[in-house]
>>> print(open('run28.tsv').read())   # TSV, C-alpha atoms
chain	number	residue	atom	x	y	z
A	1	MET	CA	-25.94	11.06	26.04
A	2	PHE	CA	-27.13	7.58	25.00
A	3	LYS	CA	-28.03	7.10	21.32
A	4	SER	CA	-29.20	3.48	21.20
A	5	LEU	CA	-28.50	0.11	22.74
A	6	LYS	CA	-25.64	-1.41	20.73
A	7	ARG	CA	-24.24	-4.58	22.31
A	8	ILE	CA	-25.45	-7.09	24.92
A	9	THR	CA	-23.27	-9.90	26.30
A	10	TYR	CA	-24.56	-12.84	28.38
A	11	GLN	CA	-22.16	-15.08	30.28
A	12	VAL	CA	-22.79	-18.83	29.94
A	13	ASN	CA	-20.90	-21.89	31.21
A	14	ASP	CA	-21.89	-24.18	28.30
A	15	ILE	CA	-21.71	-22.44	24.95
A	16	GLU	CA	-23.25	-25.30	22.95
A	17	LYS	CA	-26.29	-25.69	25.20
A	18	ALA	CA	-26.77	-21.93	25.33
A	19	LYS	CA	-26.46	-21.65	21.57
A	20	LYS	CA	-29.10	-24.37	21.06
A	21	TRP	CA	-31.46	-22.63	23.47
A	22	TYR	CA	-31.08	-19.24	21.78
A	23	ASN	CA	-31.26	-20.77	18.31
A	24	ASP	CA	-34.64	-22.22	19.25
A	25	PHE	CA	-35.85	-19.09	20.98
A	26	LEU	CA	-34.70	-16.62	18.30
A	27	ASN	CA	-35.47	-19.02	15.45
A	28	THR	CA	-32.17	-18.11	13.81
A	29	PRO	CA	-28.56	-19.31	14.00
A	30	PRO	CA	-25.79	-17.01	15.17
A	31	VAL	CA	-24.01	-14.85	12.60
A	32	PHE	CA	-20.76	-16.03	14.17
A	33	SER	CA	-20.00	-19.07	16.28
A	34	ALA	CA	-16.80	-20.26	17.97
A	35	PRO	CA	-15.95	-22.46	20.99
A	36	PHE	CA	-15.94	-19.39	23.24
A	37	VAL	CA	-18.61	-17.10	21.78
A	38	ALA	CA	-21.79	-17.00	19.68
A	39	ILE	CA	-23.04	-13.71	18.23
A	40	TYR	CA	-26.58	-13.01	17.06
A	41	LYS	CA	-27.71	-9.98	15.09
A	42	ILE	CA	-30.97	-8.58	16.50
A	43	GLY	CA	-32.16	-5.46	14.72
A	44	GLU	CA	-29.46	-2.84	15.08
A	45	CYS	CA	-28.05	-4.57	18.15
A	46	SER	CA	-25.88	-7.64	18.67
A	47	LEU	CA	-26.31	-10.32	21.34
A	48	SER	CA	-23.18	-12.23	22.37
A	49	LEU	CA	-23.06	-15.43	24.40
A	50	SER	CA	-19.65	-15.45	26.09
A	51	LEU	CA	-18.15	-18.58	27.66
A	52	HIS	CA	-17.30	-18.25	31.36
A	53	GLN	CA	-16.62	-21.53	33.11
A	54	SER	CA	-17.79	-20.28	36.50
A	55	PRO	CA	-19.90	-17.12	36.29
A	56	THR	CA	-19.31	-15.37	39.57
A	57	SER	CA	-22.90	-14.75	40.53
A	58	SER	CA	-26.47	-15.05	39.45
A	59	ASP	CA	-26.69	-11.28	39.85
A	60	THR	CA	-27.83	-9.86	36.51
A	61	ASN	CA	-25.29	-7.06	36.61
A	62	GLU	CA	-22.40	-9.52	36.83
A	63	ARG	CA	-23.77	-11.95	34.27
A	64	THR	CA	-24.95	-9.43	31.69
A	65	GLU	CA	-23.03	-6.69	29.89
A	66	THR	CA	-24.88	-4.01	27.94
A	67	TYR	CA	-23.26	-1.27	25.89
A	68	TRP	CA	-24.99	1.96	24.95
A	69	GLU	CA	-23.77	3.72	21.82
A	70	VAL	CA	-22.69	7.29	22.56
A	71	GLU	CA	-21.57	10.22	20.44
A	72	ASP	CA	-18.32	10.84	22.33
A	73	ILE	CA	-17.13	8.00	24.54
A	74	ASP	CA	-14.41	10.01	26.30
A	75	VAL	CA	-16.75	12.89	27.21
A	76	THR	CA	-19.50	10.47	28.28
A	77	TYR	CA	-17.14	8.41	30.44
A	78	LYS	CA	-15.89	11.54	32.20
A	79	ARG	CA	-19.42	12.86	32.74
A	80	LEU	CA	-20.51	9.55	34.30
A	81	LEU	CA	-17.58	9.71	36.73
A	82	ASP	CA	-18.27	13.39	37.49
A	83	LEU	CA	-21.85	12.46	38.41
A	84	GLY	CA	-20.67	9.85	40.89
A	85	ALA	CA	-20.32	6.65	38.86
A	86	LYS	CA	-17.36	4.44	39.76
A	87	PRO	CA	-14.91	3.30	37.06
A	88	LEU	CA	-15.20	-0.39	36.26
A	89	MET	CA	-13.24	-0.51	32.99
A	90	PRO	CA	-11.58	2.58	31.49
A	91	VAL	CA	-11.97	3.40	27.81
A	92	LYS	CA	-10.06	0.90	25.68
A	93	THR	CA	-9.79	0.29	21.98
A	94	VAL	CA	-9.75	-2.89	19.89
A	95	LEU	CA	-9.10	-1.63	16.38
A	96	ASN	CA	-12.05	0.71	15.73
A	97	ILE	CA	-14.26	-0.50	18.60
A	98	ARG	CA	-14.03	1.53	21.83
A	99	ILE	CA	-15.74	0.47	25.04
A	100	ALA	CA	-15.81	1.39	28.72
A	101	LYS	CA	-17.80	0.41	31.83
A	102	VAL	CA	-18.81	2.15	35.04
A	103	THR	CA	-21.01	1.32	38.05
A	104	ASP	CA	-23.76	3.85	38.77
A	105	PRO	CA	-24.42	5.01	42.38
A	106	PHE	CA	-27.10	2.33	42.68
A	107	GLY	CA	-24.88	-0.62	41.77
A	108	ASN	CA	-25.86	-1.01	38.11
A	109	THR	CA	-23.22	-1.64	35.47
A	110	ILE	CA	-23.30	0.75	32.49
A	111	GLY	CA	-21.35	-0.10	29.36
A	112	ILE	CA	-20.76	2.49	26.65
A	113	THR	CA	-19.32	2.18	23.15
A	114	GLY	CA	-18.38	4.68	20.49
A	115	SER	CA	-15.55	6.32	18.60
A	116	MET	CA	-13.32	9.26	19.42
A	117	PRO	CA	-15.08	12.53	18.58
A	118	ASP	CA	-12.00	14.68	18.01
A	119	VAL	CA	-11.34	13.67	14.42
A	120	LYS	CA	-8.84	16.51	13.95
A	121	ASN	CA	-6.53	15.16	16.65
A	122	ARG	CA	-6.78	11.64	15.26
A	123	THR	CA	-5.31	12.57	11.88
A	124	VAL	CA	-1.88	11.27	10.93
A	125	GLU	CA	-0.38	14.70	11.61
A	126	HIS	CA	-1.29	14.30	15.29
A	127	GLN	CA	-0.97	10.57	15.97
A	128	PRO	CA	0.22	7.36	14.27
A	129	SER	CA	-2.02	6.41	11.36
A	130	GLU	CA	-5.03	4.27	12.30
A	131	THR	CA	-5.38	3.00	8.74
A	132	ALA	CA	-1.74	1.91	8.84
A	133	MET	CA	-2.62	-0.02	12.00
A	134	THR	CA	-5.59	-1.66	10.27
A	135	THR	CA	-3.35	-2.66	7.37
A	136	ALA	CA	-0.83	-4.17	9.78
A	137	PHE	CA	-3.67	-6.06	11.49
A	138	CYS	CA	-4.80	-7.53	8.15
A	139	ARG	CA	-1.24	-8.53	7.28
A	140	ALA	CA	-0.91	-10.21	10.67
A	141	LEU	CA	-4.17	-12.08	10.02
A	142	ALA	CA	-2.93	-13.07	6.57
A	143	PHE	CA	0.34	-14.46	7.95
A	144	LEU	CA	-1.74	-16.82	10.13
A	145	GLU	CA	-4.16	-17.65	7.31
A	146	ASP	CA	-5.28	-21.31	7.29
A	147	ARG	CA	-5.71	-21.35	3.50
A	148	LYS	CA	-2.08	-21.82	2.47
A	149	GLU	CA	-2.65	-20.67	-1.12
A	150	ILE	CA	-3.34	-17.12	0.08
A	151	GLN	CA	-1.23	-17.08	3.24
A	152	GLY	CA	0.50	-13.74	3.68
A	153	PRO	CA	4.27	-13.33	4.03
A	154	ASP	CA	4.43	-10.58	6.65
A	155	SER	CA	5.77	-12.21	9.81
A	156	LEU	CA	6.58	-8.80	11.31
A	157	ALA	CA	3.16	-7.13	11.04
A	158	GLU	CA	2.02	-8.31	14.47
A	159	LEU	CA	4.80	-6.30	16.12
A	160	PHE	CA	2.97	-3.05	15.38
A	161	LEU	CA	-0.32	-4.06	17.00
A	162	THR	CA	-1.45	-3.11	20.47
A	163	ASP	CA	-2.01	-5.88	23.00
A	164	GLU	CA	-5.78	-5.53	22.52
A	165	ALA	CA	-5.47	-5.74	18.73
A	166	LYS	CA	-3.40	-8.94	19.03
A	167	LYS	CA	-6.13	-10.83	20.91
A	168	PRO	CA	-8.20	-11.75	17.81
A	169	LEU	CA	-5.12	-13.46	16.35
A	170	ASN	CA	-5.11	-16.21	18.98
A	171	ASP	CA	-7.04	-18.92	17.12
A	172	SER	CA	-8.59	-19.68	13.75
A	173	ALA	CA	-12.21	-19.09	14.78
A	174	THR	CA	-11.44	-15.69	16.27
A	175	ARG	CA	-9.46	-14.67	13.20
A	176	LYS	CA	-12.41	-15.58	10.97
A	177	TRP	CA	-14.70	-13.53	13.19
A	178	ALA	CA	-12.30	-10.57	13.02
A	179	ILE	CA	-12.19	-10.71	9.23
A	180	GLN	CA	-15.98	-10.62	8.99
A	181	ASN	CA	-16.72	-8.18	11.80
A	182	LEU	CA	-13.69	-5.96	12.45
A	183	VAL	CA	-12.23	-5.72	8.95
A	184	THR	CA	-14.82	-7.04	6.42
A	185	ALA	CA	-13.95	-9.79	3.97
A	186	PRO	CA	-13.62	-7.58	0.83
A	187	LEU	CA	-11.15	-5.24	2.56
A	188	TYR	CA	-9.19	-8.24	3.84
A	189	GLY	CA	-9.13	-9.76	0.35
A	190	TYR	CA	-8.04	-6.48	-1.18
A	191	LEU	CA	-5.18	-6.03	1.29
A	192	LEU	CA	-4.06	-9.64	0.75
A	193	ALA	CA	-3.88	-9.00	-2.99
A	194	ARG	CA	-2.22	-5.61	-2.58
A	195	THR	CA	0.52	-6.95	-0.33
A	196	ALA	CA	1.24	-9.80	-2.75
A	197	TYR	CA	1.33	-7.50	-5.77
A	198	PHE	CA	3.55	-4.83	-4.24
A	199	ASP	CA	5.85	-7.55	-2.87
A	200	ARG	CA	6.22	-8.81	-6.44
A	201	ILE	CA	7.15	-5.37	-7.77
A	202	PHE	CA	9.56	-4.69	-4.89
A	203	ASN	CA	11.33	-8.04	-5.31
A	204	LYS	CA	11.67	-7.63	-9.08
A	205	HIS	CA	13.53	-4.35	-8.64
A	206	LEU	CA	15.69	-5.72	-5.82
A	207	ARG	CA	16.75	-8.57	-8.11
A	208	ASP	CA	17.60	-5.99	-10.76
A	209	ASN	CA	19.66	-4.13	-8.13
A	210	ILE	CA	17.91	-0.86	-8.95
A	211	ALA	CA	19.68	2.23	-7.63
A	212	GLN	CA	16.84	3.55	-5.47
A	213	ILE	CA	13.45	2.62	-4.05
A	214	VAL	CA	11.24	5.30	-2.50
A	215	PHE	CA	8.24	4.43	-0.32
A	216	LEU	CA	5.80	7.34	-0.59
A	217	GLY	CA	3.97	6.77	2.69
A	218	ALA	CA	5.63	3.69	4.18
A	219	GLY	CA	3.32	3.21	7.16
A	220	TYR	CA	4.18	-0.09	8.84
A	221	ASP	CA	5.57	-1.59	5.63
A	222	THR	CA	8.14	-4.30	6.41
A	223	ARG	CA	9.59	-5.11	2.99
A	224	SER	CA	12.92	-3.46	3.78
A	225	TYR	CA	13.36	-5.92	6.69
A	226	ARG	CA	11.62	-9.04	5.37
A	227	PHE	CA	13.80	-8.89	2.26
A	228	GLY	CA	16.80	-7.25	3.91
A	229	GLU	CA	19.23	-9.99	2.93
A	230	GLN	CA	18.39	-9.48	-0.75
A	231	ILE	CA	19.30	-5.79	-0.71
A	232	ARG	CA	22.62	-5.16	-2.40
A	233	ASP	CA	23.39	-1.63	-3.60
A	234	THR	CA	19.82	-0.34	-3.62
A	235	LYS	CA	19.20	2.72	-1.46
A	236	ILE	CA	15.77	2.67	0.17
A	237	PHE	CA	13.96	5.79	1.38
A	238	GLU	CA	10.92	5.38	3.64
A	239	LEU	CA	8.83	8.56	3.66
A	240	ASP	CA	6.01	9.10	6.13
A	241	VAL	CA	4.61	11.47	8.75
A	242	GLN	CA	6.74	11.79	11.86
A	243	SER	CA	4.20	10.33	14.32
A	244	THR	CA	3.86	7.01	12.49
A	245	GLN	CA	7.56	6.85	11.68
A	246	GLU	CA	8.65	7.38	15.27
A	247	ARG	CA	6.37	4.62	16.54
A	248	LYS	CA	7.56	2.27	13.81
A	249	LEU	CA	11.25	2.83	14.57
A	250	ALA	CA	10.72	2.42	18.31
A	251	ILE	CA	8.98	-0.93	17.80
A	252	LEU	CA	11.58	-2.21	15.33
A	253	LYS	CA	14.40	-1.39	17.73
A	254	LYS	CA	12.57	-2.83	20.75
A	255	SER	CA	11.93	-6.04	18.79
A	256	ASN	CA	15.58	-6.27	17.67
A	257	VAL	CA	14.63	-6.21	14.00
A	258	VAL	CA	17.70	-5.66	11.84
A	259	ILE	CA	17.41	-2.40	9.91
A	260	PRO	CA	19.59	-2.59	6.77
A	261	PRO	CA	22.07	0.28	6.45
A	262	GLN	CA	20.67	1.03	2.99
A	263	VAL	CA	17.41	2.26	4.55
A	264	SER	CA	16.81	5.94	5.34
A	265	TYR	CA	13.77	7.36	7.17
A	266	VAL	CA	12.45	10.65	5.84
A	267	SER	CA	9.78	12.49	7.83
A	268	ILE	CA	7.30	14.41	5.66
A	269	ASP	CA	3.77	15.82	5.53
A	270	PHE	CA	2.71	15.06	1.96
A	271	LYS	CA	0.03	17.76	2.08
A	272	VAL	CA	2.45	20.65	2.58
A	273	ASP	CA	6.10	19.52	2.27
A	274	MET	CA	8.11	19.30	-0.95
A	275	ILE	CA	9.33	15.74	-1.49
A	276	GLU	CA	12.53	16.87	-3.22
A	277	ASN	CA	13.45	19.02	-0.22
A	278	ALA	CA	12.79	16.19	2.22
A	279	LEU	CA	14.89	13.68	0.22
A	280	GLU	CA	17.80	15.94	-0.66
A	281	LYS	CA	19.72	15.60	2.60
A	282	TYR	CA	19.48	11.78	2.59
A	283	GLY	CA	21.50	11.22	-0.58
A	284	TYR	CA	18.65	10.81	-3.06
A	285	SER	CA	19.89	11.02	-6.67
A	286	THR	CA	17.77	12.76	-9.31
A	287	THR	CA	19.65	10.97	-12.10
A	288	ALA	CA	19.42	7.38	-10.81
A	289	GLU	CA	16.71	4.94	-11.89
A	290	THR	CA	14.14	4.70	-9.11
A	291	LEU	CA	11.11	2.62	-8.12
A	292	PHE	CA	8.41	4.62	-6.34
A	293	ILE	CA	5.96	2.61	-4.21
A	294	TRP	CA	2.82	4.57	-3.37
A	295	GLU	CA	0.73	2.04	-1.48
A	296	GLY	CA	-2.50	2.87	0.33
A	297	VAL	CA	-2.02	6.63	0.03
A	298	THR	CA	-3.51	8.30	-3.06
A	299	TYR	CA	-7.17	8.21	-1.98
A	300	TYR	CA	-6.35	10.04	1.28
A	301	LEU	CA	-4.73	12.96	-0.56
A	302	PRO	CA	-6.39	15.94	-2.25
A	303	GLU	CA	-5.86	16.04	-6.01
A	304	LYS	CA	-3.40	18.91	-5.62
A	305	ALA	CA	-1.11	16.75	-3.47
A	306	ILE	CA	-1.36	13.86	-5.95
A	307	ASN	CA	-0.43	16.15	-8.84
A	308	SER	CA	2.46	17.55	-6.82
A	309	THR	CA	3.82	14.04	-6.16
A	310	LEU	CA	3.53	13.04	-9.82
A	311	SER	CA	5.24	16.30	-10.82
A	312	PHE	CA	8.08	15.49	-8.45
A	313	ILE	CA	8.54	12.05	-10.01
A	314	LYS	CA	8.59	13.55	-13.50
A	315	SER	CA	11.03	16.33	-12.62
A	316	TYR	CA	13.32	14.65	-10.09
A	317	SER	CA	13.86	11.11	-11.38
A	318	SER	CA	15.43	9.60	-14.47
A	319	LYS	CA	13.79	8.16	-17.55
A	320	GLY	CA	13.04	4.49	-16.93
A	321	SER	CA	12.01	5.05	-13.31
A	322	THR	CA	8.79	3.29	-12.34
A	323	LEU	CA	5.79	4.00	-10.13
A	324	CYS	CA	3.40	1.51	-8.53
A	325	PHE	CA	0.28	2.72	-6.72
A	326	ASP	CA	-3.27	1.76	-5.86
A	327	TYR	CA	-6.24	4.06	-6.29
A	328	ALA	CA	-10.00	4.34	-5.81
A	329	THR	CA	-12.19	4.40	-8.92
A	330	ASP	CA	-15.16	6.19	-7.36
A	331	LYS	CA	-16.10	8.51	-4.53
A	332	LEU	CA	-16.35	6.39	-1.39
A	333	GLU	CA	-16.81	6.69	2.35
A	334	SER	CA	-13.55	6.03	4.19
A	335	PHE	CA	-13.15	3.14	6.61
A	336	ASN	CA	-11.93	5.68	9.18
A	337	ALA	CA	-13.49	9.10	9.80
A	338	ALA	CA	-10.12	10.51	10.93
A	339	GLU	CA	-8.56	9.68	7.56
A	340	PRO	CA	-11.27	10.37	4.95
A	341	PHE	CA	-11.02	9.52	1.26
A	342	LYS	CA	-10.41	12.64	-0.78
A	343	SER	CA	-9.54	11.51	-4.32
A	344	TRP	CA	-10.52	8.97	-6.93
A	345	ILE	CA	-9.89	8.33	-10.62
A	346	GLY	CA	-12.81	7.09	-12.70
A	347	ASN	CA	-13.10	5.14	-15.96
A	348	GLY	CA	-10.71	2.32	-15.07
A	349	LYS	CA	-7.53	1.81	-17.06
A	350	GLU	CA	-8.40	4.47	-19.62
A	351	GLY	CA	-9.13	7.00	-16.89
A	352	VAL	CA	-5.93	6.45	-14.92
A	353	GLU	CA	-3.80	6.48	-18.09
A	354	SER	CA	-5.32	9.82	-19.03
A	355	PHE	CA	-4.65	11.09	-15.51
A	356	VAL	CA	-0.94	10.13	-15.37
A	357	SER	CA	0.07	10.71	-19.01
A	358	PRO	CA	0.78	14.46	-18.53
A	359	PHE	CA	3.43	13.38	-16.03
A	360	GLY	CA	5.30	11.22	-18.56
A	361	LEU	CA	4.05	7.84	-17.33
A	362	LYS	CA	3.14	4.92	-19.57
A	363	THR	CA	1.36	1.81	-18.36
A	364	ILE	CA	3.22	-1.42	-17.69
A	365	GLN	CA	0.31	-3.10	-15.92
A	366	HIS	CA	-3.18	-2.27	-14.67
A	367	ILE	CA	-5.05	-4.64	-12.33
A	368	ASP	CA	-8.71	-4.41	-11.33
A	369	SER	CA	-10.52	-6.34	-8.60
A	370	ASN	CA	-11.39	-9.27	-10.89
A	371	GLU	CA	-7.74	-9.70	-11.81
A	372	MET	CA	-6.73	-9.39	-8.15
A	373	GLU	CA	-9.00	-12.30	-7.32
A	374	ARG	CA	-7.71	-14.37	-10.22
A	375	GLN	CA	-4.02	-13.81	-9.47
A	376	PHE	CA	-3.91	-13.59	-5.69
A	377	LEU	CA	-7.13	-14.89	-4.12
A	378	THR	CA	-7.88	-18.12	-5.98
A	379	LEU	CA	-7.61	-21.45	-4.14
A	380	ASN	CA	-6.34	-24.69	-5.65
A	381	ASP	CA	-9.89	-25.89	-6.28
A	382	GLY	CA	-10.56	-22.81	-8.42
A	383	SER	CA	-12.80	-21.06	-5.90
A	384	ILE	CA	-12.22	-17.47	-4.78
A	385	ALA	CA	-11.04	-17.36	-1.19
A	386	GLU	CA	-12.16	-13.77	-0.66
A	387	ASN	CA	-13.55	-11.11	-2.95
A	388	ALA	CA	-11.54	-7.91	-3.29
A	389	LEU	CA	-12.96	-4.41	-2.93
A	390	SER	CA	-14.51	-3.70	-6.32
A	391	LYS	CA	-13.72	0.01	-6.59
A	392	PHE	CA	-9.95	-0.13	-6.22
A	393	CYS	CA	-7.20	-0.88	-8.76
A	394	PHE	CA	-3.41	-1.21	-9.02
A	395	TYR	CA	-1.35	0.82	-11.49
A	396	TYR	CA	2.27	0.18	-12.50
A	397	GLY	CA	3.91	2.51	-14.99
A	398	VAL	CA	7.24	3.72	-16.33
A	399	LEU	CA	8.57	7.24	-16.83
A	400	SER	CA	9.08	7.34	-20.58
A	401	ASP	CA	9.89	11.01	-21.20
>>> encode(input="run28.tsv", output="structure tokens")
Amino acid sequence: MFKSLKRITYQVNDIEKAKKWYNDFLNTPPVFSAPFVAIYKIGECSLSLSLHQSPTSSDTNERTETYWEVEDIDVTYKRLLDLGAKPLMPVKTVLNIRIAKVTDPFGNTIGITGSMPDVKNRTVEHQPSETAMTTAFCRALAFLEDRKEIQGPDSLAELFLTDEAKKPLNDSATRKWAIQNLVTAPLYGYLLARTAYFDRIFNKHLRDNIAQIVFLGAGYDTRSYRFGEQIRDTKIFELDVQSTQERKLAILKKSNVVIPPQVSYVSIDFKVDMIENALEKYGYSTTAETLFIWEGVTYYLPEKAINSTLSFIKSYSSKGSTLCFDYATDKLESFNAAEPFKSWIGNGKEGVESFVSPFGLKTIQHIDSNEMERQFLTLNDGSIAENALSKFCFYYGVLSD
């Protein structure tokens, strides 16, 4: 049941003294250091020194936490209990890290870590999107960003996080650790740039009082509420799978967030449902100029579903309507096994233009990772705050025929 030792945590009552001792012993500094924790990378395992003002005992089991990596944490946890272990900490999740602890019949503490094995039941058709949660987490981090030049605007993102996911937001050092270890800096940089760019497009069309805006996979997008006072006659349609949409609405209502009357929520499974059928009963007009925002979606769809969406835009919207989306430029491993990448468009600007041209789209703007960094991730001193994922781009085009 155990694969390998993954994480070890030692409790200490003086983090600086402990860090100096382990620096000398290991002959290396920690990969992350904060007033409450220091983390060392040792082979495939990590060693954490965790600050506890008064460790309860000198007993090794109470002062040391070890976590074995397992294939299926839920099955392993149940099997340990079935064999007579006592629950010490049930399975819990902090973003993509899942841990649990039990006490064996002989008094030893056993920690286990892993991911959910049932990928099928973790898909967006069965539960709220995990990638949407990760995006919300990054937007919440960005809103608290210390570097004001790249500070994010999404004050509502934190609402969608679980209590466990909110913990890394508490202070600057923990946020930096989360960016490096839970998210990765290039993904964080990419999502910072993407939010800023799509905000720009959304605001431009609100100022123009465009007739309609359609979010093709809204996730936990908050633009309709952050910019609610700027909405005049524009009808906004948020499309997404029912599980994510239901959770989003429940949180918005619980948090007393004002939902503008111009916003409609349209439940849809993009893999099987026809967009035109889903929108029809909500007052969508096929003759009105429309902005389509397709953010963080295309690479999770099979090519057939992408073509179907582009065909819908061509056939069911007016000339002059626009589409903004991001896409992968190469075959990649997904950040989440439950929501794998399925599509990509190679050859940069030329490749994506060739891909969308049969659907009547002409390019207004194309942005690669270098341009993302220049426009959205550059500090006042000229340095790049964070690099952006290199194999992703933004496309913005207009329906010309």
>>> atom_distance(input="run28.tsv", atom1="CA of Glu65 in chain A", atom2="CA of Lys101 in chain A")
9.0 Å
>>> closest_atom_pairs(input="run28.tsv", of="range 306-398 of chain A", to="range 139-163 of chain A", cutoff="10 Å", atoms="only C-alpha atoms", output="tab-separated table")
residue	atom	partner	partner_atom	distance
A:Phe376	CA	A:Ile150	CA	6.8
A:Leu377	CA	A:Ile150	CA	6.1
A:Thr378	CA	A:Glu149	CA	7.6
A:Leu379	CA	A:Glu149	CA	5.9
A:Asn380	CA	A:Glu149	CA	7.1
A:Ala385	CA	A:Ile150	CA	7.8
A:Glu386	CA	A:Ile150	CA	9.5
>>> write_last_selection(input="run28.tsv", atoms="C-alpha atoms", output="compact mmCIF listing (two decimals), keeping the file's coordinate frame")
# COMPACT_ATOMS: atom_id res chain seq x y z
CA PHE A 376 -3.91 -13.59 -5.69
CA LEU A 377 -7.13 -14.89 -4.12
CA THR A 378 -7.88 -18.12 -5.98
CA LEU A 379 -7.61 -21.45 -4.14
CA ASN A 380 -6.34 -24.69 -5.65
CA ALA A 385 -11.04 -17.36 -1.19
CA GLU A 386 -12.16 -13.77 -0.66
>>> closest_residue(input="run28.tsv", among="A:Ile15, A:Leu169, A:Cys393, A:Cys138", to="Ala185 in chain A", atoms="all atoms listed in the file")
A:Cys138
>>> closest_residue(input="run28.tsv", among="A:Lys319, A:Lys167, A:Arg79, A:Lys92", to="Glu289 in chain A", atoms="all atoms listed in the file")
A:Lys319
>>> residues_near_point(input="run28.tsv", point="(-16.0, -12.4, 14.0)", cutoff="10 Å", atoms="only C-alpha atoms", output="ChimeraX atom specification")
/A:31-34,37-39,168,173-184
>>> closest_residue(input="run28.tsv", among="A:Leu310, A:Cys324, A:Ala278, A:Ala132", to="Arg200 in chain A", atoms="only C-alpha atoms")
A:Cys324
>>> closest_residue(input="run28.tsv", among="A:His205, A:Ile275, A:Ser224, A:Asp240", to="Leu323 in chain A", atoms="all atoms listed in the file")
A:His205
>>> closest_residue(input="run28.tsv", among="A:Pro29, A:Arg7, A:Tyr22, A:Ile73", to="Leu47 in chain A", atoms="all atoms listed in the file")
A:Arg7
>>> atom_distance(input="run28.tsv", atom1="CA of Ile364 in chain A", atom2="CA of Ile268 in chain A")
28.5 Å
>>> decode(input="run28.tsv", residues="range 131-179 of chain A", atoms="C-alpha atoms", output="tab-separated table (two decimals), in the first residue's frame")
chain	number	residue	atom	x	y	z
A	131	THR	CA	-8.99	23.64	-12.13
A	132	ALA	CA	-11.55	26.41	-11.60
A	133	MET	CA	-10.69	26.21	-7.89
A	134	THR	CA	-6.97	26.48	-8.66
A	135	THR	CA	-7.64	29.52	-10.84
A	136	ALA	CA	-9.64	31.13	-8.04
A	137	PHE	CA	-6.79	30.39	-5.62
A	138	CYS	CA	-4.29	32.12	-7.93
A	139	ARG	CA	-6.57	35.13	-8.30
A	140	ALA	CA	-6.90	35.31	-4.53
A	141	LEU	CA	-3.10	35.19	-4.22
A	142	ALA	CA	-2.79	37.90	-6.88
A	143	PHE	CA	-5.22	40.20	-5.06
A	144	LEU	CA	-2.89	40.05	-2.03
A	145	GLU	CA	0.25	40.40	-4.14
A	146	ASP	CA	2.95	42.56	-2.51
A	147	ARG	CA	4.29	43.76	-5.86
A	148	LYS	CA	1.74	46.47	-6.62
A	149	GLU	CA	2.58	46.62	-10.34
A	150	ILE	CA	1.15	43.13	-10.85
A	151	GLN	CA	-1.44	43.07	-8.08
A	152	GLY	CA	-4.61	41.33	-9.21
A	153	PRO	CA	-8.07	42.94	-9.14
A	154	ASP	CA	-10.19	39.98	-8.03
A	155	SER	CA	-11.34	40.77	-4.49
A	156	LEU	CA	-14.03	38.07	-4.69
A	157	ALA	CA	-11.89	35.07	-5.64
A	158	GLU	CA	-11.24	34.06	-2.03
A	159	LEU	CA	-14.96	33.45	-1.50
A	160	PHE	CA	-14.80	30.28	-3.59
A	161	LEU	CA	-11.96	28.66	-1.65
A	162	THR	CA	-12.35	26.03	1.05
A	163	ASP	CA	-11.19	26.89	4.56
A	164	GLU	CA	-8.07	24.75	4.02
A	165	ALA	CA	-7.26	26.49	0.73
A	166	LYS	CA	-7.55	29.90	2.41
A	167	LYS	CA	-4.83	29.15	4.97
A	168	PRO	CA	-1.86	29.87	2.64
A	169	LEU	CA	-3.25	33.38	2.07
A	170	ASN	CA	-2.61	34.48	5.65
A	171	ASP	CA	0.79	36.16	5.23
A	172	SER	CA	3.30	37.14	2.59
A	173	ALA	CA	5.80	34.35	3.29
A	174	THR	CA	3.14	31.66	3.08
A	175	ARG	CA	1.78	33.09	-0.15
A	176	LYS	CA	5.25	33.01	-1.69
A	177	TRP	CA	5.63	29.40	-0.59
A	178	ALA	CA	2.23	28.53	-2.10
A	179	ILE	CA	3.18	30.10	-5.43
